[in-house]
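Asker: Contents are CSV, N, CA and C atoms; file name run10.csv:
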chain,number,residue,atom,x,y,z
K,9,MET,N,47.2,-75.2,6.5
K,9,MET,CA,45.8,-74.8,6.5
K,9,MET,C,45.6,-73.4,7.1
K,10,ALA,N,46.6,-72.9,7.9
K,10,ALA,CA,46.5,-71.5,8.4
K,10,ALA,C,46.4,-70.5,7.3
K,11,LYS,N,47.1,-70.8,6.2
K,11,LYS,CA,47.1,-69.9,5.0
K,11,LYS,C,45.7,-69.8,4.4
K,12,LEU,N,45.0,-71.0,4.4
K,12,LEU,CA,43.6,-71.0,3.9
K,12,LEU,C,42.7,-70.2,4.8
K,13,ARG,N,42.8,-70.4,6.1
K,13,ARG,CA,42.0,-69.6,7.0
K,13,ARG,C,42.2,-68.1,6.8
K,14,LYS,N,43.5,-67.7,6.6
K,14,LYS,CA,43.8,-66.3,6.4
K,14,LYS,C,43.1,-65.8,5.2
K,15,LEU,N,43.1,-66.5,4.1
K,15,LEU,CA,42.4,-66.1,2.9
K,15,LEU,C,40.9,-66.0,3.0
K,16,VAL,N,40.3,-67.0,3.8
K,16,VAL,CA,38.9,-66.9,4.0
K,16,VAL,C,38.5,-65.7,4.8
K,17,GLU,N,39.3,-65.4,5.9
K,17,GLU,CA,39.1,-64.3,6.7
K,17,GLU,C,39.2,-63.0,6.0
K,18,GLU,N,40.2,-62.9,5.1
K,18,GLU,CA,40.4,-61.7,4.3
K,18,GLU,C,39.2,-61.5,3.4
K,19,ALA,N,38.7,-62.5,2.7
K,19,ALA,CA,37.6,-62.4,1.8
K,19,ALA,C,36.3,-61.9,2.6
K,20,ILE,N,36.1,-62.4,3.8
K,20,ILE,CA,34.9,-62.0,4.6
K,20,ILE,C,35.1,-60.6,5.0
K,21,SER,N,36.3,-60.2,5.4
K,21,SER,CA,36.6,-58.9,5.9
K,21,SER,C,36.4,-57.9,4.8
K,22,ASP,N,36.7,-58.3,3.5
K,22,ASP,CA,36.5,-57.4,2.4
K,22,ASP,C,35.1,-56.8,2.3
K,23,TYR,N,34.1,-57.6,2.9
K,23,TYR,CA,32.7,-57.2,2.8
K,23,TYR,C,32.1,-56.9,4.2
K,24,GLY,N,32.8,-56.1,5.0
K,24,GLY,CA,32.3,-55.7,6.3
K,24,GLY,C,33.3,-55.4,7.3
K,25,GLY,N,34.6,-55.5,7.0
K,25,GLY,CA,35.6,-55.2,7.9
K,25,GLY,C,35.9,-56.2,9.0
K,26,GLU,N,36.7,-55.8,10.0
K,26,GLU,CA,37.2,-56.7,11.0
K,26,GLU,C,36.0,-57.2,11.9
K,27,ILE,N,35.1,-56.3,12.3
K,27,ILE,CA,34.0,-56.6,13.2
K,27,ILE,C,33.1,-57.7,12.5
K,28,THR,N,32.8,-57.5,11.3
K,28,THR,CA,32.0,-58.4,10.6
K,28,THR,C,32.7,-59.8,10.4
K,29,LYS,N,34.0,-59.7,10.1
K,29,LYS,CA,34.8,-61.0,10.0
K,29,LYS,C,34.7,-61.7,11.3
K,30,ASN,N,34.9,-61.1,12.4
K,30,ASN,CA,34.9,-61.7,13.7
K,30,ASN,C,33.6,-62.3,14.0
K,31,ALA,N,32.5,-61.6,13.7
K,31,ALA,CA,31.2,-62.1,13.9
K,31,ALA,C,30.9,-63.4,13.1
K,32,VAL,N,31.3,-63.3,11.8
K,32,VAL,CA,31.0,-64.4,10.9
K,32,VAL,C,31.9,-65.7,11.3
K,33,MET,N,33.1,-65.4,11.7
K,33,MET,CA,34.0,-66.6,12.1
K,33,MET,C,33.4,-67.2,13.4
K,34,TYR,N,32.9,-66.4,14.3
K,34,TYR,CA,32.3,-66.9,15.5
K,34,TYR,C,31.1,-67.7,15.2
K,35,HIS,N,30.3,-67.2,14.3
K,35,HIS,CA,29.0,-67.9,13.9
K,35,HIS,C,29.3,-69.2,13.2
K,36,LEU,N,30.3,-69.2,12.3
K,36,LEU,CA,30.7,-70.4,11.7
K,36,LEU,C,31.1,-71.5,12.7
K,37,GLU,N,31.9,-71.1,13.6
K,37,GLU,CA,32.4,-72.1,14.6
K,37,GLU,C,31.3,-72.5,15.6
K,38,LYS,N,30.5,-71.6,16.1
K,38,LYS,CA,29.6,-71.9,17.2
K,38,LYS,C,28.3,-72.5,16.7
K,39,THR,N,27.7,-71.9,15.7
K,39,THR,CA,26.4,-72.3,15.2
K,39,THR,C,26.5,-73.5,14.2
K,40,HIS,N,27.5,-73.4,13.3
K,40,HIS,CA,27.6,-74.4,12.3
K,40,HIS,C,28.7,-75.5,12.5
K,41,LYS,N,29.4,-75.3,13.6
K,41,LYS,CA,30.5,-76.2,14.0
K,41,LYS,C,31.6,-76.4,12.9
K,42,LEU,N,31.9,-75.3,12.2
K,42,LEU,CA,32.8,-75.2,11.1
K,42,LEU,C,34.0,-74.4,11.4
K,43,ASP,N,35.1,-74.9,11.2
K,43,ASP,CA,36.4,-74.2,11.3
K,43,ASP,C,36.8,-73.9,9.9
K,44,PRO,N,37.2,-72.7,9.6
K,44,PRO,CA,37.6,-72.4,8.2
K,44,PRO,C,38.8,-73.2,7.8
K,45,ASP,N,39.5,-73.8,8.7
K,45,ASP,CA,40.6,-74.7,8.3
K,45,ASP,C,40.0,-75.9,7.6
K,46,ASP,N,38.7,-76.2,7.8
K,46,ASP,CA,38.1,-77.4,7.3
K,46,ASP,C,37.4,-77.1,5.9
K,47,ILE,N,37.7,-76.0,5.4
K,47,ILE,CA,37.0,-75.6,4.1
K,47,ILE,C,37.2,-76.6,3.0
K,48,LEU,N,38.3,-77.2,2.9
K,48,LEU,CA,38.6,-78.2,1.8
K,48,LEU,C,37.9,-79.5,2.1
K,49,LYS,N,37.8,-79.8,3.4
K,49,LYS,CA,37.2,-81.1,3.8
K,49,LYS,C,35.6,-81.0,3.7
K,50,LYS,N,35.1,-79.9,3.9
K,50,LYS,CA,33.6,-79.7,4.0
K,50,LYS,C,33.1,-78.5,3.2
K,51,PRO,N,33.5,-78.4,1.9
K,51,PRO,CA,33.1,-77.1,1.2
K,51,PRO,C,31.6,-76.9,1.1
K,52,GLU,N,30.9,-78.0,0.9
K,52,GLU,CA,29.4,-77.9,0.8
K,52,GLU,C,28.8,-77.3,2.0
K,53,LEU,N,29.3,-77.8,3.2
K,53,LEU,CA,28.8,-77.3,4.5
K,53,LEU,C,29.2,-75.8,4.7
K,54,PHE,N,30.4,-75.5,4.3
K,54,PHE,CA,30.9,-74.1,4.4
K,54,PHE,C,30.0,-73.2,3.6
K,55,VAL,N,29.8,-73.5,2.3
K,55,VAL,CA,29.0,-72.7,1.4
K,55,VAL,C,27.5,-72.6,2.0
K,56,LYS,N,27.0,-73.7,2.5
K,56,LYS,CA,25.6,-73.6,3.1
K,56,LYS,C,25.6,-72.7,4.3
K,57,ALA,N,26.6,-72.7,5.1
K,57,ALA,CA,26.7,-71.8,6.3
K,57,ALA,C,26.8,-70.4,5.9
K,58,LEU,N,27.6,-70.1,4.8
K,58,LEU,CA,27.7,-68.7,4.3
K,58,LEU,C,26.3,-68.3,3.8
K,59,ARG,N,25.6,-69.2,3.1
K,59,ARG,CA,24.3,-68.9,2.5
K,59,ARG,C,23.3,-68.6,3.6
K,60,ASP,N,23.4,-69.3,4.7
K,60,ASP,CA,22.5,-69.1,5.8
K,60,ASP,C,22.7,-67.7,6.4
K,61,MET,N,24.0,-67.3,6.4
K,61,MET,CA,24.3,-66.0,7.0
K,61,MET,C,24.0,-64.8,6.0
K,62,TYR,N,24.4,-65.0,4.7
K,62,TYR,CA,24.4,-63.9,3.8
K,62,TYR,C,23.3,-64.0,2.7
K,63,GLY,N,22.5,-65.1,2.7
K,63,GLY,CA,21.5,-65.2,1.6
K,63,GLY,C,22.2,-65.2,0.3
K,64,ASP,N,21.6,-64.5,-0.7
K,64,ASP,CA,22.1,-64.5,-2.1
K,64,ASP,C,23.4,-63.9,-2.2
K,65,PHE,N,23.8,-63.0,-1.3
K,65,PHE,CA,25.1,-62.3,-1.3
K,65,PHE,C,26.2,-63.3,-1.1
K,66,GLU,N,25.9,-64.5,-0.6
K,66,GLU,CA,26.9,-65.6,-0.4
K,66,GLU,C,27.7,-65.8,-1.6
K,67,SER,N,27.1,-65.8,-2.8
K,67,SER,CA,27.8,-66.2,-4.0
K,67,SER,C,28.9,-65.2,-4.3
K,68,ILE,N,28.7,-63.9,-4.0
K,68,ILE,CA,29.7,-62.9,-4.2
K,68,ILE,C,30.9,-63.2,-3.2
K,69,ILE,N,30.6,-63.5,-2.0
K,69,ILE,CA,31.7,-63.8,-1.0
K,69,ILE,C,32.4,-65.1,-1.4
K,70,GLU,N,31.6,-66.1,-1.8
K,70,GLU,CA,32.2,-67.3,-2.3
K,70,GLU,C,33.2,-67.1,-3.4
K,71,GLY,N,32.7,-66.3,-4.4
K,71,GLY,CA,33.6,-66.0,-5.5
K,71,GLY,C,34.9,-65.3,-5.1
K,72,ASN,N,34.8,-64.4,-4.1
K,72,ASN,CA,36.0,-63.7,-3.6
K,72,ASN,C,36.9,-64.7,-2.9
K,73,ILE,N,36.4,-65.6,-2.1
K,73,ILE,CA,37.2,-66.6,-1.5
K,73,ILE,C,37.9,-67.4,-2.5
K,74,CYS,N,37.1,-67.9,-3.5
K,74,CYS,CA,37.7,-68.7,-4.6
K,74,CYS,C,38.8,-68.0,-5.3
K,75,GLU,N,38.6,-66.7,-5.7
K,75,GLU,CA,39.7,-66.0,-6.4
K,75,GLU,C,40.9,-65.9,-5.6
K,76,LYS,N,40.8,-65.6,-4.3
K,76,LYS,CA,41.9,-65.5,-3.4
K,76,LYS,C,42.7,-66.8,-3.3
K,77,ILE,N,41.9,-67.9,-3.1
K,77,ILE,CA,42.6,-69.2,-3.0
K,77,ILE,C,43.3,-69.6,-4.3
K,78,ALA,N,42.6,-69.4,-5.4
K,78,ALA,CA,43.2,-69.7,-6.7
K,78,ALA,C,44.5,-68.9,-7.0
K,79,ARG,N,44.4,-67.6,-6.7
K,79,ARG,CA,45.6,-66.8,-6.9
K,79,ARG,C,46.7,-67.2,-6.0
K,80,GLU,N,46.5,-67.5,-4.7
K,80,GLU,CA,47.5,-68.0,-3.8
K,80,GLU,C,48.1,-69.3,-4.2
K,81,TYR,N,47.3,-70.2,-4.7
K,81,TYR,CA,47.8,-71.6,-5.0
K,81,TYR,C,48.1,-71.8,-6.5
K,82,GLY,N,48.0,-70.7,-7.3
K,82,GLY,CA,48.3,-70.8,-8.7
K,82,GLY,C,47.4,-71.7,-9.5
K,83,ILE,N,46.1,-71.7,-9.2
K,83,ILE,CA,45.1,-72.5,-9.9
K,83,ILE,C,44.3,-71.5,-10.8
K,84,ASP,N,44.0,-72.0,-12.0
K,84,ASP,CA,43.2,-71.2,-12.9
K,84,ASP,C,41.7,-71.4,-12.5
K,85,TYR,N,41.2,-70.4,-11.8
K,85,TYR,CA,39.8,-70.4,-11.3
K,85,TYR,C,38.9,-70.1,-12.5
K,86,LYS,N,37.9,-70.9,-12.7
K,86,LYS,CA,37.0,-70.8,-13.8
K,86,LYS,C,35.6,-70.4,-13.4
K,87,GLY,N,35.5,-70.0,-12.1
K,87,GLY,CA,34.2,-69.5,-11.6
K,87,GLY,C,33.2,-70.6,-11.3
K,88,GLU,N,33.7,-71.8,-11.1
K,88,GLU,CA,32.8,-73.0,-10.8
K,88,GLU,C,32.4,-73.1,-9.4
K,89,GLY,N,32.9,-72.4,-8.5
K,89,GLY,CA,32.5,-72.4,-7.1
K,89,GLY,C,33.5,-73.1,-6.2
K,90,LEU,N,33.3,-73.0,-4.9
K,90,LEU,CA,34.2,-73.5,-3.9
K,90,LEU,C,34.3,-75.0,-3.9
K,91,VAL,N,33.1,-75.7,-4.1
K,91,VAL,CA,33.1,-77.1,-4.1
K,91,VAL,C,34.1,-77.7,-5.1
K,92,GLU,N,33.9,-77.2,-6.3
K,92,GLU,CA,34.8,-77.7,-7.4
K,92,GLU,C,36.2,-77.2,-7.2
K,93,LEU,N,36.4,-76.0,-6.8
K,93,LEU,CA,37.8,-75.5,-6.6
K,93,LEU,C,38.5,-76.3,-5.5
K,94,SER,N,37.8,-76.7,-4.4
K,94,SER,CA,38.4,-77.5,-3.4
K,94,SER,C,38.8,-78.9,-3.9
K,95,LYS,N,38.0,-79.4,-4.8
K,95,LYS,CA,38.3,-80.7,-5.4
K,95,LYS,C,39.6,-80.6,-6.2
K,96,GLU,N,39.7,-79.5,-6.9
K,96,GLU,CA,40.9,-79.3,-7.8
K,96,GLU,C,42.1,-79.1,-6.9
K,97,LEU,N,41.9,-78.3,-5.9
K,97,LEU,CA,43.1,-78.0,-4.9
K,97,LEU,C,43.5,-79.3,-4.2
K,98,ARG,N,42.6,-80.1,-3.8
K,98,ARG,CA,43.0,-81.3,-3.1
K,98,ARG,C,43.7,-82.3,-4.1
K,99,GLY,N,43.2,-82.3,-5.3
K,99,GLY,CA,43.8,-83.2,-6.3
K,99,GLY,C,45.1,-82.7,-6.8
K,100,SER,N,45.4,-81.5,-6.6
K,100,SER,CA,46.7,-80.9,-7.0
K,100,SER,C,47.8,-81.1,-5.9
K,101,GLU,N,47.4,-81.5,-4.8
K,101,GLU,CA,48.2,-81.7,-3.6
K,101,GLU,C,49.0,-80.4,-3.2
K,102,LYS,N,48.4,-79.2,-3.6
K,102,LYS,CA,49.0,-78.0,-3.2
K,102,LYS,C,48.6,-77.5,-1.8
K,103,ALA,N,47.4,-78.0,-1.3
K,103,ALA,CA,46.9,-77.6,0.0
K,103,ALA,C,47.6,-78.3,1.1
Reformat the file's structure so that it appears as structure tokens.
Answerer:
Amino acid sequence: MAKLRKLVEEAISDYGGEITKNAVMYHLEKTHKLDPDDILKKPELFVKALRDMYGDFESIIEGNICEKIAREYGIDYKGEGLVELSKELRGSEKA
């Protein structure tokens, strides 16, 4: 799961750098009680937390996260979102 956390952190950092990434990670953990390591267990909650923080821009960050995960795990990402991608990843036993 550490690999997944790294991918999430990279995707968030892509849109604001290290300071933004640290603030978002802190907010996820303290306000939403979400650890990025739980992204596959609670993808709906993770997406909601990102939407609460980013508004409509969340979909761009979610897409970036999905692309990074799909590339790392060799999954053909079809743009269906993190919830569907996490189901596919869990089903493939690659995570």
Asker: What does the distance between atom CA of K:Ile20 and atom CA of K:Gly99 come to in Å, to one decimal place?
Answerer: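 Atom CA of K:Gly99 lies 25.4 Å from atom CA of K:Ile20.
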Asker: May I ask for the distance between atom N of K:Leu58 and atom C of K:Gly82, given in Å to one decimal place?
Answerer: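 Between atom N of K:Leu58 and atom C of K:Gly82 the gap works out to 24.5 Å.
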Asker: Just checking: using all atoms listed in the file, which residue out of K:Leu48, K:Met33, K:Asp64, K:Ala57 ends up closest to K:Leu93?
Answerer: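 Comparing K:Leu48, K:Met33, K:Asp64, K:Ala57 against K:Leu93, the winner is K:Leu48.
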Asker: To one decimal in Å, tell me the separation between atom CA of K:Ile47 and atom CA of K:Ala19.
Answerer: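 Pair atom CA of K:Ile47 / atom CA of K:Ala19 returns 13.4 Å.
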Asker: So that I can check the surroundings of K:Val91, please list as an mmCIF file with N, CA and C atoms, keeping the file's coordinate frame every protein, DNA and RNA residue that reaches within 8 Å of it, counting all atoms listed in the file and ignoring chain neighbours fewer than 5 positions away.
Answerer:
data_model
loop_
_atom_site.group_PDB
_atom_site.id
_atom_site.type_symbol
_atom_site.label_atom_id
_atom_site.label_comp_id
_atom_site.auth_asym_id
_atom_site.auth_seq_id
_atom_site.Cartn_x
_atom_site.Cartn_y
_atom_site.Cartn_z
ATOM 1 N N LYS K 50 35.100 -79.900 3.900
ATOM 2 C CA LYS K 50 33.600 -79.700 4.000
ATOM 3 C C LYS K 50 33.100 -78.500 3.200
ATOM 4 N N PRO K 51 33.500 -78.400 1.900
ATOM 5 C CA PRO K 51 33.100 -77.100 1.200
ATOM 6 C C PRO K 51 31.600 -76.900 1.100
ATOM 7 N N GLU K 52 30.900 -78.000 0.900
ATOM 8 C CA GLU K 52 29.400 -77.900 0.800
ATOM 9 C C GLU K 52 28.800 -77.300 2.000
ATOM 10 N N VAL K 55 29.800 -73.500 2.300
ATOM 11 C CA VAL K 55 29.000 -72.700 1.400
ATOM 12 C C VAL K 55 27.500 -72.600 2.000
ATOM 13 N N GLU K 96 39.700 -79.500 -6.900
ATOM 14 C CA GLU K 96 40.900 -79.300 -7.800
ATOM 15 C C GLU K 96 42.100 -79.100 -6.900
ATOM 16 N N LEU K 97 41.900 -78.300 -5.900
ATOM 17 C CA LEU K 97 43.100 -78.000 -4.900
ATOM 18 C C LEU K 97 43.500 -79.300 -4.200
#
Asker: Taking (28.2, -69.8, -14.5) in the file's coordinates, which residues come within 12 Å, counting only C-alpha atoms, written as a PyMOL selection string?
Answerer: chain K and resi 67+71+86-89
Asker: Fewer than 2 positions away in the same chain doesn't count, so skip those; otherwise give me all residues within 10 Å of K:Leu12, counting only C-alpha atoms, as JSON, numbers by chain.
Answerer: {"K": [9, 10, 14, 15, 16, 17, 18, 44, 45, 46, 47, 48, 73, 76, 77, 80, 81, 103]}
